[in-house]
>>> print(open('work.txt').read())   # compact mmCIF, C-alpha atoms
# COMPACT_ATOMS: atom_id res chain seq x y z
CA MET A 1356 207.33 36.19 109.43
CA ALA A 1357 205.56 36.24 112.76
CA ILE A 1358 202.08 34.78 112.70
CA VAL A 1359 199.41 37.08 114.02
CA ASN A 1360 195.96 35.81 114.90
CA ASP A 1361 193.22 37.60 112.87
CA GLU A 1362 191.87 38.86 116.13
CA PHE A 1363 195.05 40.84 116.69
CA LYS A 1364 195.93 41.81 113.14
CA GLU A 1365 196.12 45.53 112.57
CA SER A 1366 192.62 47.01 112.35
CA PRO A 1367 191.83 47.29 108.66
CA SER A 1368 192.10 50.75 107.17
CA GLN A 1369 189.15 52.72 105.79
CA THR A 1370 189.25 55.97 103.86
CA ALA A 1371 189.41 59.22 105.81
CA GLY A 1372 186.61 60.48 103.53
CA PRO A 1373 186.04 64.11 102.55
CA TYR A 1374 185.45 65.42 106.08
CA VAL A 1375 188.68 64.41 107.81
CA HIS A 1376 189.04 68.06 108.85
CA ILE A 1377 186.24 67.79 111.40
CA GLY A 1378 188.28 65.40 113.51
CA CYS A 1379 191.85 66.41 112.67
CA THR A 1380 191.82 70.12 111.81
CA PRO A 1381 188.48 71.38 113.17
CA ASN A 1382 189.53 75.04 113.35
CA PHE A 1383 190.47 74.86 109.67
CA THR A 1384 186.90 73.89 108.79
CA GLY A 1385 185.30 76.52 111.01
CA ILE A 1386 184.73 74.48 114.18
CA LYS A 1387 186.27 77.01 116.54
CA LYS A 1388 184.68 76.17 119.86
CA THR A 1389 186.07 72.69 120.44
CA TYR A 1390 189.92 72.88 120.49
CA SER A 1391 192.02 76.01 120.96
CA SER A 1392 194.16 75.23 117.90
CA ASP A 1393 194.69 72.53 115.29
CA LEU A 1394 197.37 69.99 116.21
CA GLY A 1395 200.45 70.03 114.01
CA SER A 1396 199.88 73.54 112.67
CA VAL A 1397 203.06 74.77 114.38
CA MET A 1398 206.28 72.74 114.24
CA LYS A 1399 208.64 75.33 115.67
CA THR A 1400 207.67 76.40 119.18
CA GLY A 1401 210.71 78.51 120.00
CA PRO A 1402 214.24 79.24 118.80
CA VAL A 1403 215.62 76.44 116.63
CA LYS A 1404 218.99 75.56 115.18
CA GLY A 1405 219.41 74.89 111.49
CA ASP A 1406 217.91 76.03 108.21
CA GLU A 1407 214.29 77.11 108.45
CA ILE A 1408 212.50 76.05 105.30
CA VAL A 1409 209.09 76.01 103.64
CA ILE A 1410 207.84 72.93 101.81
CA LYS A 1411 204.85 73.55 99.61
CA GLY A 1412 203.05 71.71 96.88
CA THR A 1413 199.91 70.19 95.45
CA ILE A 1414 198.63 66.62 95.22
CA PHE A 1415 197.32 65.71 91.76
CA ASP A 1416 194.93 62.91 90.88
CA GLY A 1417 195.04 60.73 87.77
CA ALA A 1418 193.02 63.27 85.78
CA GLY A 1419 195.53 66.00 86.65
CA ALA A 1420 193.17 67.75 89.07
CA PRO A 1421 194.45 68.96 92.45
CA LEU A 1422 193.09 67.16 95.50
CA ARG A 1423 191.26 69.78 97.49
CA ASP A 1424 190.09 67.63 100.39
CA ALA A 1425 193.31 65.85 101.38
CA MET A 1426 195.27 66.03 104.59
CA LEU A 1427 199.01 65.46 104.94
CA GLU A 1428 201.15 64.71 107.93
CA ILE A 1429 204.92 64.92 107.97
CA TRP A 1430 207.46 63.52 110.41
CA GLN A 1431 211.13 64.34 110.38
CA ALA A 1432 214.35 64.71 112.32
CA ASP A 1433 215.73 68.06 113.46
CA SER A 1434 218.70 69.73 111.78
CA GLU A 1435 221.09 67.41 113.62
CA GLY A 1436 219.25 64.27 112.55
CA LEU A 1437 217.54 63.64 115.90
CA TYR A 1438 213.87 62.72 116.26
CA ASN A 1439 211.74 64.35 118.96
CA SER A 1440 210.49 60.99 120.20
CA PRO A 1441 210.97 58.78 123.27
CA GLN A 1442 212.22 56.10 120.84
CA GLU A 1443 215.18 58.31 119.93
CA ALA A 1444 218.11 56.80 121.85
CA ARG A 1445 221.02 58.73 120.32
CA GLY A 1446 220.49 62.09 121.96
CA ILE A 1447 217.94 64.77 122.72
CA ALA A 1448 216.31 66.52 119.79
CA ASN A 1449 215.76 70.26 119.86
CA PRO A 1450 212.81 70.64 122.28
CA ASN A 1451 211.50 73.62 120.27
CA PHE A 1452 210.97 71.49 117.19
CA THR A 1453 208.17 68.92 117.25
CA GLY A 1454 209.21 67.18 114.03
CA TRP A 1455 205.54 66.54 113.27
CA GLY A 1456 203.32 68.67 111.09
CA ARG A 1457 199.78 68.32 109.83
CA CYS A 1458 198.23 70.32 107.03
CA ALA A 1459 194.86 70.21 105.34
CA VAL A 1460 195.25 71.31 101.72
CA ASP A 1461 193.50 74.52 100.74
CA LEU A 1462 189.84 73.75 99.99
CA LYS A 1463 189.95 75.90 96.82
CA THR A 1464 193.48 75.55 95.43
CA GLY A 1465 194.70 72.27 96.92
CA LEU A 1466 197.95 73.88 98.09
CA PHE A 1467 199.72 72.63 101.19
CA ARG A 1468 202.52 74.31 103.06
CA PHE A 1469 204.75 73.37 105.98
CA ASN A 1470 207.04 75.76 107.84
CA THR A 1471 209.74 73.48 109.09
CA LEU A 1472 213.48 72.80 109.33
CA LYS A 1473 215.81 71.11 106.93
CA PRO A 1474 216.40 67.72 108.59
CA GLY A 1475 219.85 66.23 109.07
CA PRO A 1476 220.77 62.77 107.82
CA VAL A 1477 219.70 59.82 110.00
CA PRO A 1478 221.07 56.28 110.33
CA SER A 1479 219.68 53.25 108.57
CA PRO A 1480 219.43 49.89 110.35
CA ASN A 1481 222.73 48.72 108.89
CA GLY A 1482 224.55 50.55 106.19
CA PRO A 1483 225.07 54.10 105.06
CA LEU A 1484 223.26 57.11 106.47
CA GLN A 1485 219.86 57.94 105.07
CA ALA A 1486 219.90 61.24 103.21
CA PRO A 1487 217.94 64.11 104.78
CA HIS A 1488 214.28 63.33 104.21
CA ILE A 1489 210.79 64.00 105.49
CA SER A 1490 208.29 61.15 105.91
CA VAL A 1491 204.95 62.08 104.34
CA TRP A 1492 201.53 60.47 104.96
CA ILE A 1493 198.51 61.37 102.84
CA VAL A 1494 194.85 60.65 103.49
CA ALA A 1495 191.75 61.74 101.58
CA ARG A 1496 188.47 60.63 100.09
CA GLY A 1497 189.25 57.86 97.62
CA ILE A 1498 192.46 56.81 99.39
CA ASN A 1499 191.68 53.53 101.13
CA VAL A 1500 194.96 53.18 103.03
CA GLY A 1501 197.00 56.26 103.95
CA LEU A 1502 199.79 56.73 101.39
CA GLN A 1503 203.37 56.80 102.65
CA THR A 1504 206.03 58.63 100.72
CA ARG A 1505 209.15 60.68 101.44
CA ALA A 1506 210.44 64.08 100.43
CA TYR A 1507 214.18 64.20 99.79
CA PHE A 1508 215.99 67.41 98.78
CA SER A 1509 217.18 68.37 95.31
CA ASP A 1510 220.20 70.16 96.79
CA GLU A 1511 221.48 67.14 98.74
CA GLU A 1512 222.93 65.26 95.80
CA GLU A 1513 225.83 63.80 97.69
CA HIS A 1514 223.73 62.37 100.49
CA ASN A 1515 221.03 61.26 98.03
CA SER A 1516 223.54 59.29 95.97
CA SER A 1517 224.36 57.05 98.94
CA ASP A 1518 220.85 56.79 100.41
CA PRO A 1519 219.90 53.10 100.72
CA ILE A 1520 216.22 53.63 99.90
CA LEU A 1521 216.85 55.77 96.82
CA ASN A 1522 219.39 53.22 95.68
CA GLN A 1523 216.83 50.47 96.13
CA ILE A 1524 214.49 52.36 93.77
CA GLY A 1525 217.30 52.74 91.26
CA ASP A 1526 215.28 54.22 88.36
CA SER A 1527 216.33 57.88 88.22
CA LYS A 1528 213.00 59.01 86.76
CA ARG A 1529 211.15 57.52 89.72
CA ILE A 1530 213.66 58.87 92.24
CA LYS A 1531 212.97 62.35 90.85
CA THR A 1532 209.36 62.09 92.07
CA LEU A 1533 210.69 62.08 95.65
CA LEU A 1534 212.73 65.27 95.35
CA ALA A 1535 211.55 68.49 96.91
CA ILE A 1536 212.89 71.02 94.41
CA ARG A 1537 214.71 74.04 95.72
CA GLN A 1538 213.01 77.16 94.31
CA LYS A 1539 215.14 79.66 96.15
CA LYS A 1540 216.85 79.78 99.50
CA GLY A 1541 214.64 78.08 102.06
CA ILE A 1542 211.73 77.35 99.70
CA TYR A 1543 211.11 73.87 98.31
CA SER A 1544 208.36 72.65 96.02
CA PHE A 1545 207.10 69.09 96.44
CA ASN A 1546 204.25 68.09 94.15
CA ILE A 1547 202.70 64.66 94.53
CA HIS A 1548 201.15 62.71 91.64
CA LEU A 1549 198.85 59.84 92.55
CA GLN A 1550 198.87 58.43 89.01
CA GLY A 1551 200.28 59.06 85.55
CA SER A 1552 203.72 59.23 83.99
CA ASN A 1553 205.07 61.19 86.97
CA GLU A 1554 203.42 58.97 89.58
CA THR A 1555 205.14 59.54 92.91
CA VAL A 1556 206.90 56.59 94.52
CA PHE A 1557 204.79 55.31 97.41
CA PHE A 1558 206.13 52.98 100.04
CA ASP A 1559 205.02 50.01 102.04
CA ILE A 1560 207.18 50.56 105.11
CA MET B 347 220.96 47.28 96.34
CA ASN B 348 219.19 46.61 99.58
CA PRO B 349 221.54 46.14 102.50
CA GLN B 350 218.63 45.53 104.86
CA SER B 351 217.28 42.05 105.41
CA PRO B 352 213.45 42.05 105.57
CA LYS B 353 213.67 39.79 108.62
CA LYS B 354 215.21 42.67 110.51
CA GLY B 355 212.27 44.99 109.90
CA ARG B 356 211.19 45.87 113.36
CA TYR B 357 207.52 46.66 112.77
CA LEU B 358 205.47 43.83 111.34
CA GLU B 359 204.79 44.37 107.66
CA ARG B 360 201.27 45.50 106.78
CA ASP B 361 199.22 42.62 105.39
CA ARG B 362 198.07 44.33 102.22
CA SER B 363 195.59 41.54 101.41
CA TRP B 364 193.75 42.31 104.65
CA HIS B 365 193.58 46.07 104.03
CA PRO B 366 191.61 47.42 101.05
CA GLU B 367 193.28 47.58 97.65
CA ALA B 368 194.10 51.10 96.46
CA LEU B 369 191.88 50.70 93.39
CA THR B 370 188.33 49.68 94.33
CA PRO B 371 186.20 50.81 91.35
CA ASN B 372 182.86 50.40 93.12
CA TYR B 373 184.06 53.16 95.40
CA LYS B 374 184.42 55.63 92.56
CA SER B 375 186.64 58.18 94.24
CA SER B 376 189.43 55.59 94.31
CA ILE B 377 189.62 55.42 90.51
CA TYR B 378 191.75 58.55 90.02
CA ARG B 379 193.29 58.49 93.47
CA SER B 380 194.90 55.06 93.54
CA PRO B 381 198.57 54.76 92.62
CA ALA B 382 199.03 52.27 89.78
CA SER B 383 202.63 51.26 90.51
CA LYS B 384 203.54 48.71 93.11
CA LEU B 385 204.41 50.10 96.50
CA ILE B 386 208.12 49.92 97.23
CA SER B 387 208.77 47.92 100.39
CA PHE B 388 211.57 48.24 102.87
CA PRO B 389 211.93 47.40 106.54
CA THR B 390 211.13 50.16 109.01
CA THR B 391 213.97 52.51 109.88
CA LEU B 392 214.34 55.04 112.67
CA SER B 393 212.20 57.41 110.56
CA GLU B 394 209.20 55.09 110.91
CA GLU B 395 210.00 53.68 114.35
CA THR B 396 209.80 57.10 115.97
CA GLY B 397 206.73 59.31 116.01
CA PRO B 398 205.04 62.23 117.71
CA ILE B 399 203.77 61.82 121.27
CA PHE B 400 200.98 63.91 122.73
CA GLY B 401 200.67 64.62 126.42
CA HIS B 402 197.40 64.45 128.31
CA ASP B 403 197.87 68.20 128.83
CA ILE B 404 196.73 68.93 125.26
CA LEU B 405 193.24 67.71 126.16
CA GLY B 406 190.45 69.96 127.34
CA PRO B 407 188.19 68.56 130.07
CA ILE B 408 185.37 67.55 127.70
CA ASP B 409 187.22 66.87 124.43
CA SER B 410 185.97 63.26 124.53
CA ASN B 411 182.38 64.26 125.29
CA LEU B 412 180.80 65.04 121.91
CA ILE B 413 177.40 65.61 123.51
CA HIS B 414 178.72 68.71 125.25
CA ASN B 415 182.02 69.81 123.68
CA TYR B 416 180.28 72.07 121.16
CA ALA B 417 177.02 72.66 123.01
CA ARG B 418 175.91 75.94 124.46
CA GLN B 419 175.80 76.25 128.21
CA GLY B 420 172.99 74.08 129.58
CA GLN B 421 172.27 72.46 126.22
CA ALA B 422 173.27 69.17 124.63
CA ALA B 423 173.56 67.47 121.24
CA ILE B 424 170.40 65.80 119.91
CA GLY B 425 170.39 62.02 119.46
CA SER B 426 170.62 58.69 121.22
CA ARG B 427 173.29 58.90 123.87
CA ILE B 428 176.03 56.28 123.47
CA ILE B 429 179.35 55.38 125.05
CA VAL B 430 181.98 54.19 122.56
CA TYR B 431 184.91 52.58 124.29
CA GLY B 432 187.58 49.97 123.92
CA ARG B 433 191.25 49.16 124.08
CA LEU B 434 194.11 50.06 121.85
CA LEU B 435 196.49 47.12 121.41
CA ASP B 436 199.36 46.27 119.13
CA GLU B 437 199.63 43.11 117.05
CA PHE B 438 201.42 41.33 119.88
CA GLU B 439 198.41 42.02 122.13
CA ARG B 440 200.27 44.62 124.14
CA PRO B 441 198.16 47.58 125.29
CA VAL B 442 199.23 50.93 123.81
CA PRO B 443 199.09 53.64 126.49
CA ASN B 444 199.25 57.42 125.97
CA ALA B 445 198.15 57.26 122.34
CA LEU B 446 196.07 60.00 120.76
CA ILE B 447 192.72 58.93 119.25
CA GLU B 448 190.70 61.48 117.27
CA VAL B 449 187.15 60.87 116.05
CA TRP B 450 184.69 62.59 113.75
CA GLN B 451 181.14 61.76 112.78
CA ALA B 452 177.85 63.00 111.35
CA ASN B 453 175.09 64.21 113.66
CA SER B 454 172.00 62.15 114.47
CA GLY B 455 170.42 63.19 111.16
CA GLY B 456 173.45 62.09 109.10
CA ARG B 457 174.70 65.64 108.52
CA TYR B 458 178.33 66.71 108.94
CA ARG B 459 179.38 70.12 110.17
CA HIS B 460 181.64 70.90 107.20
CA LYS B 461 181.95 73.62 104.56
CA ASN B 462 181.59 71.12 101.72
CA GLU B 463 178.61 69.24 103.16
CA THR B 464 175.38 69.59 101.15
CA TYR B 465 173.03 66.97 102.60
CA LEU B 466 169.61 68.41 103.36
CA ALA B 467 169.33 66.99 106.89
CA ALA B 468 169.46 69.70 109.56
CA LEU B 469 172.57 70.78 111.43
CA ASP B 470 172.47 70.44 115.19
CA PRO B 471 173.63 73.77 116.65
CA ASN B 472 174.99 71.89 119.68
CA PHE B 473 177.06 69.29 117.85
CA SER B 474 180.35 69.51 115.95
CA GLY B 475 181.07 65.79 115.60
CA CYS B 476 184.67 66.24 116.68
CA GLY B 477 186.31 64.55 119.66
CA ARG B 478 189.62 63.23 120.94
CA THR B 479 191.18 61.43 123.85
CA ILE B 480 194.45 59.78 124.88
CA THR B 481 194.56 56.14 125.97
CA ASP B 482 195.22 55.44 129.65
CA GLU B 483 198.06 53.33 131.01
CA ASN B 484 196.22 50.15 130.00
CA GLY B 485 195.36 51.32 126.49
CA ASN B 486 191.72 52.08 127.34
CA TYR B 487 189.78 54.89 125.73
CA GLU B 488 186.21 56.13 125.96
CA PHE B 489 183.99 58.65 124.19
CA LEU B 490 180.53 59.90 125.03
CA THR B 491 178.58 60.84 121.91
CA ILE B 492 175.31 60.45 120.05
CA MET B 493 174.42 57.75 117.55
CA PRO B 494 175.36 59.11 114.10
CA GLY B 495 172.73 58.88 111.37
CA PRO B 496 173.18 57.10 108.03
CA TYR B 497 173.28 59.35 104.96
CA PRO B 498 173.19 59.19 101.18
CA TRP B 499 176.33 60.01 99.20
CA PRO B 500 177.16 60.55 95.54
CA ASN B 501 178.69 57.31 94.27
CA GLY B 502 176.18 54.93 92.73
CA PRO B 503 172.62 56.15 92.05
CA ASN B 504 171.43 55.30 95.58
CA ASP B 505 174.31 54.63 97.95
CA TRP B 506 173.96 55.17 101.68
CA ARG B 507 176.66 55.07 104.32
CA PRO B 508 175.88 52.94 107.35
CA ALA B 509 176.12 54.81 110.64
CA HIS B 510 179.82 55.15 111.42
CA ILE B 511 182.46 56.99 113.40
CA HIS B 512 185.83 57.84 111.84
CA PHE B 513 188.88 57.04 113.97
CA SER B 514 192.37 58.51 113.57
CA VAL B 515 194.89 56.61 115.69
CA PHE B 516 198.48 57.34 116.68
CA GLY B 517 200.75 54.90 118.46
CA ASN B 518 204.27 55.94 119.29
CA ALA B 519 205.77 55.36 115.84
CA PHE B 520 204.88 56.94 112.50
CA ALA B 521 204.68 53.38 111.09
CA GLN B 522 201.60 52.78 113.24
CA ARG B 523 199.55 55.70 111.91
CA LEU B 524 196.06 54.53 111.00
CA ILE B 525 192.71 55.92 109.95
CA THR B 526 189.66 53.68 109.98
CA GLN B 527 185.92 53.66 110.66
CA MET B 528 183.73 51.98 113.24
CA TYR B 529 180.35 50.58 112.21
CA PHE B 530 177.50 49.53 114.50
CA GLU B 531 176.46 45.95 115.14
CA GLY B 532 173.23 45.01 113.39
CA ASP B 533 173.16 47.88 110.87
CA PRO B 534 171.66 46.48 107.63
CA LEU B 535 173.45 49.16 105.58
CA ILE B 536 176.88 47.70 106.37
CA GLN B 537 176.55 44.96 103.76
CA LYS B 538 175.33 47.40 101.10
CA CYS B 539 178.11 49.97 101.43
CA PRO B 540 180.78 50.23 98.69
CA ILE B 541 183.31 51.65 101.17
CA VAL B 542 182.82 48.78 103.61
CA ALA B 543 183.09 46.47 100.59
CA THR B 544 186.64 47.67 99.92
CA LEU B 545 187.35 45.07 102.62
CA THR B 546 187.20 41.64 101.05
CA SER B 547 186.92 39.49 104.17
CA LEU B 548 184.00 39.24 106.55
CA THR B 549 186.51 38.89 109.39
CA ALA B 550 187.94 42.30 108.53
CA ILE B 551 184.47 43.87 108.44
CA LYS B 552 183.67 42.29 111.77
CA ARG B 553 186.80 43.84 113.21
CA LEU B 554 185.41 47.28 112.35
CA THR B 555 182.01 46.62 113.88
CA GLY B 556 181.42 48.03 117.35
CA LEU B 557 179.45 45.59 119.50
CA LEU B 558 176.53 46.52 121.71
CA ASP B 559 177.69 45.94 125.28
CA MET B 560 174.82 45.85 127.77
CA GLU B 561 177.27 45.46 130.66
CA LYS B 562 178.74 48.87 129.98
CA THR B 563 175.37 50.48 129.36
CA ILE B 564 174.29 53.05 131.93
CA PRO B 565 170.63 52.35 132.81
CA MET B 566 168.26 55.23 131.99
CA ASP B 567 171.19 57.09 130.40
CA SER B 568 173.37 55.64 127.58
CA LEU B 569 173.82 52.54 125.47
CA ALA B 570 177.40 51.33 125.03
CA TYR B 571 179.40 50.00 122.08
CA LYS B 572 182.74 48.29 122.44
CA PHE B 573 185.35 48.83 119.74
CA ASP B 574 188.88 47.52 120.22
CA ILE B 575 191.56 48.81 117.86
CA THR B 576 194.86 47.22 116.91
CA ILE B 577 197.86 49.03 115.46
CA ARG B 578 201.07 47.59 114.09
CA GLY B 579 203.38 45.84 116.52
CA LYS B 580 207.13 45.95 116.88
CA ARG B 581 209.10 42.74 117.09
CA GLN B 582 211.07 42.14 120.25
CA THR B 583 214.79 42.38 119.80
CA ILE B 584 216.42 38.99 120.23
CA PHE B 585 217.99 38.44 123.69
CA GLU B 586 216.02 41.28 125.10
CA ASN B 587 213.58 40.17 127.74
CA LYS B 588 212.03 43.41 128.80
CA PRO B 589 208.86 44.56 127.03
CA GLU B 590 209.70 46.92 124.25
CA GLY B 591 207.89 49.28 121.94
CA LEU B 592 205.56 50.77 124.49
>>> encode(input="work.txt", output="structure tokens")
Amino acid sequence: MAIVNDEFKESPSQTAGPYVHIGCTPNFTGIKKTYSSDLGSVMKTGPVKGDEIVIKGTIFDGAGAPLRDAMLEIWQADSEGLYNSPQEARGIANPNFTGWGRCAVDLKTGLFRFNTLKPGPVPSPNGPLQAPHISVWIVARGINVGLQTRAYFSDEEEHNSSDPILNQIGDSKRIKTLLAIRQKKGIYSFNIHLQGSNETVFFDI
Amino acid sequence: MNPQSPKKGRYLERDRSWHPEALTPNYKSSIYRSPASKLISFPTTLSEETGPIFGHDILGPIDSNLIHNYARQGQAAIGSRIIVYGRLLDEFERPVPNALIEVWQANSGGRYRHKNETYLAALDPNFSGCGRTITDENGNYEFLTIMPGPYPWPNGPNDWRPAHIHFSVFGNAFAQRLITQMYFEGDPLIQKCPIVATLTSLTAIKRLTGLLDMEKTIPMDSLAYKFDITIRGKRQTIFENKPEGL
């Protein structure tokens, strides 16, 4: 492992606290005069190819209560498995799809919702394709380092069965915590449990 | 089965002993919000090595000026005027250009402009506490703001936050995403704060302390604090001699 001088180690993380909205989603918390809109609130900026989907859910704490002050960000490929990023060397992603979404959960109910696209599979460094998935990052009061997880899709069994990360987890009960469950066409439910018997798998990536 | 060798992970692994633990009981909110299972580790893949990029065109002309970006015409936020500036680098000491940095903070009385805020200190009608900028080609950033006030918070019977500014930092890969806080050199509340104390090393706390910089101060105008930020770095590919990951 490369040795990094303390002076150049990653800046240590601190909690986002309960007022993350002021800086990240100011319009959401009623600060309307500063930015014209909240970043990440729209992922599709024009016509897009592929299946348009909604991912919605709630984050639960160890007492079973919904988090009502959390913020999530998601990052994903387009329907052809291409990322809208300068680091994407395999082709050009759909320019009308940012691939990045940000959502503050509802202050009363704790619900989050993303209007996005079903991503295509993407390569892994060496080995089989990664199944279609969305990278998820969660910050809130009480979370000292942003939590990384992934949403896979309940209706992608074939891809899921050969996904290298899901296979690394192995335990089918834990894998289930990473599945966005298809409710009906285009609607997926993805609930996140920070603790308890259904604790979501979190990653150190 | 893990077909990927950890040595081939392209972003340096996070040093979890340097960051706070998930469960830090003296910071009570962490008790029900900390996963109990071990994190599952794997080397970064394309999904983490890519990330959103924001152009300078998203910025309004005074987004980084918190003294004026919410103020009425001809008015200004109340408080001691300060410049907060620094460089964004990666762990290999390479500057990170064109990276979005968002900040938020309390006003000079320690009050946040937020629906859930209940502290009795007064709101400043000319201050939202919200700002953002994008680093320049050398990784430099700068904000103009007012010194935030300390404030009490419900944790222990008498806990106070030291003055601080929250920072949300993007690089160019989702793996680099970071939220942290900047404290102010010399603040006696730093060593009493249960959130600061989630960091177990003094070196780490020092890294989050902005330093008074008289050189950057503008006489008769603003004090200046310097706060450099580091995000995760990507290993160079072997045999490749051009800089990568920028």
>>> closest_residue(input="work.txt", among="B:Leu358, B:Asp505, B:Asn453, B:Thr544", to="Thr390 of chain B", atoms="all atoms listed in the file")
B:Leu358
>>> closest_residue(input="work.txt", among="B:Tyr497, B:Phe520, B:Phe573, B:Tyr465", to="chain A", atoms="only C-alpha atoms")
B:Phe520
>>> interface_residues(input="work.txt", of="chain A", to="chain B", cutoff="6 Å", atoms="all atoms listed in the file", output="PyMOL selection string")
chain A and resi 1363-1369+1377-1378+1389+1416-1417+1440+1442+1479+1497+1499+1523+1549-1550+1557-1560
>>> atom_distance(input="work.txt", atom1="atom CA of Glu531 of chain B", atom2="atom CA of Asn372 of chain B")
23.4 Å
>>> closest_residue(input="work.txt", among="A:Ile1447, A:Ile1414, A:Leu1502, A:Val1491", to="Asp1461 of chain A", atoms="only C-alpha atoms")
A:Ile1414
>>> atom_distance(input="work.txt", atom1="atom CA of Phe1452 of chain A", atom2="atom CA of Gln1485 of chain A")
20.2 Å
>>> atom_distance(input="work.txt", atom1="atom CA of Thr1370 of chain A", atom2="atom CA of Pro498 of chain B")
16.6 Å
>>> axis_aligned_box(input="work.txt", around="segment 1487-1501 of chain A", padding_each_side="6 Å", output="lines of an AutoDock Vina configuration file")
center_x = 203.2
center_y = 58.6
center_z = 101.8
size_x = 41.5
size_y = 22.9
size_z = 20.3
>>> residues_near_point(input="work.txt", point="(194.2, 75.3, 101.0)", cutoff="12 Å", atoms="all atoms listed in the file", output="PDB file with C-alpha atoms, keeping the file's coordinate frame")
ATOM      1  CA  HIS A1376     189.040  68.060 108.850  1.00  0.00           C
ATOM      2  CA  PHE A1383     190.470  74.860 109.670  1.00  0.00           C
ATOM      3  CA  THR A1384     186.900  73.890 108.790  1.00  0.00           C
ATOM      4  CA  LYS A1411     204.850  73.550  99.610  1.00  0.00           C
ATOM      5  CA  GLY A1412     203.050  71.710  96.880  1.00  0.00           C
ATOM      6  CA  THR A1413     199.910  70.190  95.450  1.00  0.00           C
ATOM      7  CA  ILE A1414     198.630  66.620  95.220  1.00  0.00           C
ATOM      8  CA  PRO A1421     194.450  68.960  92.450  1.00  0.00           C
ATOM      9  CA  LEU A1422     193.090  67.160  95.500  1.00  0.00           C
ATOM     10  CA  ARG A1423     191.260  69.780  97.490  1.00  0.00           C
ATOM     11  CA  ASP A1424     190.090  67.630 100.390  1.00  0.00           C
ATOM     12  CA  ALA A1425     193.310  65.850 101.380  1.00  0.00           C
ATOM     13  CA  MET A1426     195.270  66.030 104.590  1.00  0.00           C
ATOM     14  CA  LEU A1427     199.010  65.460 104.940  1.00  0.00           C
ATOM     15  CA  CYS A1458     198.230  70.320 107.030  1.00  0.00           C
ATOM     16  CA  ALA A1459     194.860  70.210 105.340  1.00  0.00           C
ATOM     17  CA  VAL A1460     195.250  71.310 101.720  1.00  0.00           C
ATOM     18  CA  ASP A1461     193.500  74.520 100.740  1.00  0.00           C
ATOM     19  CA  LEU A1462     189.840  73.750  99.990  1.00  0.00           C
ATOM     20  CA  LYS A1463     189.950  75.900  96.820  1.00  0.00           C
ATOM     21  CA  THR A1464     193.480  75.550  95.430  1.00  0.00           C
ATOM     22  CA  GLY A1465     194.700  72.270  96.920  1.00  0.00           C
ATOM     23  CA  LEU A1466     197.950  73.880  98.090  1.00  0.00           C
ATOM     24  CA  PHE A1467     199.720  72.630 101.190  1.00  0.00           C
ATOM     25  CA  ARG A1468     202.520  74.310 103.060  1.00  0.00           C
ATOM     26  CA  PHE A1469     204.750  73.370 105.980  1.00  0.00           C
TER      27      PHE A1469
END
>>> decode(input="work.txt", residues="segment 1547-1557 of chain A", atoms="N, CA and C atoms", output="mmCIF file, in the first residue's frame")
data_model
loop_
_atom_site.group_PDB
_atom_site.id
_atom_site.type_symbol
_atom_site.label_atom_id
_atom_site.label_comp_id
_atom_site.auth_asym_id
_atom_site.auth_seq_id
_atom_site.Cartn_x
_atom_site.Cartn_y
_atom_site.Cartn_z
ATOM 1 N N ILE A 1547 -33.565 1.554 3.208
ATOM 2 C CA ILE A 1547 -32.216 1.411 3.743
ATOM 3 C C ILE A 1547 -32.320 1.316 5.264
ATOM 4 N N HIS A 1548 -31.673 0.289 5.826
ATOM 5 C CA HIS A 1548 -31.699 0.090 7.280
ATOM 6 C C HIS A 1548 -30.290 0.270 7.835
ATOM 7 N N LEU A 1549 -30.129 1.247 8.717
ATOM 8 C CA LEU A 1549 -28.781 1.526 9.230
ATOM 9 C C LEU A 1549 -28.339 0.484 10.259
ATOM 10 N N GLN A 1550 -29.286 -0.162 10.899
ATOM 11 C CA GLN A 1550 -28.975 -1.183 11.906
ATOM 12 C C GLN A 1550 -30.089 -2.229 11.899
ATOM 13 N N GLY A 1551 -29.888 -3.273 12.704
ATOM 14 C CA GLY A 1551 -30.954 -4.254 12.910
ATOM 15 C C GLY A 1551 -30.789 -5.479 12.034
ATOM 16 N N SER A 1552 -31.789 -6.379 12.100
ATOM 17 C CA SER A 1552 -31.650 -7.661 11.420
ATOM 18 C C SER A 1552 -31.640 -7.500 9.895
ATOM 19 N N ASN A 1553 -32.182 -6.392 9.406
ATOM 20 C CA ASN A 1553 -32.149 -6.138 7.957
ATOM 21 C C ASN A 1553 -31.102 -5.102 7.582
ATOM 22 N N GLU A 1554 -30.081 -4.940 8.429
ATOM 23 C CA GLU A 1554 -29.097 -3.889 8.162
ATOM 24 C C GLU A 1554 -28.569 -3.984 6.732
ATOM 25 N N THR A 1555 -28.643 -2.860 6.035
ATOM 26 C CA THR A 1555 -28.168 -2.774 4.658
ATOM 27 C C THR A 1555 -26.662 -3.038 4.623
ATOM 28 N N VAL A 1556 -26.219 -3.642 3.539
ATOM 29 C CA VAL A 1556 -24.767 -3.787 3.330
ATOM 30 C C VAL A 1556 -24.202 -2.415 2.964
ATOM 31 N N PHE A 1557 -23.185 -1.991 3.724
ATOM 32 C CA PHE A 1557 -22.458 -0.763 3.386
ATOM 33 C C PHE A 1557 -21.044 -1.120 2.994
#
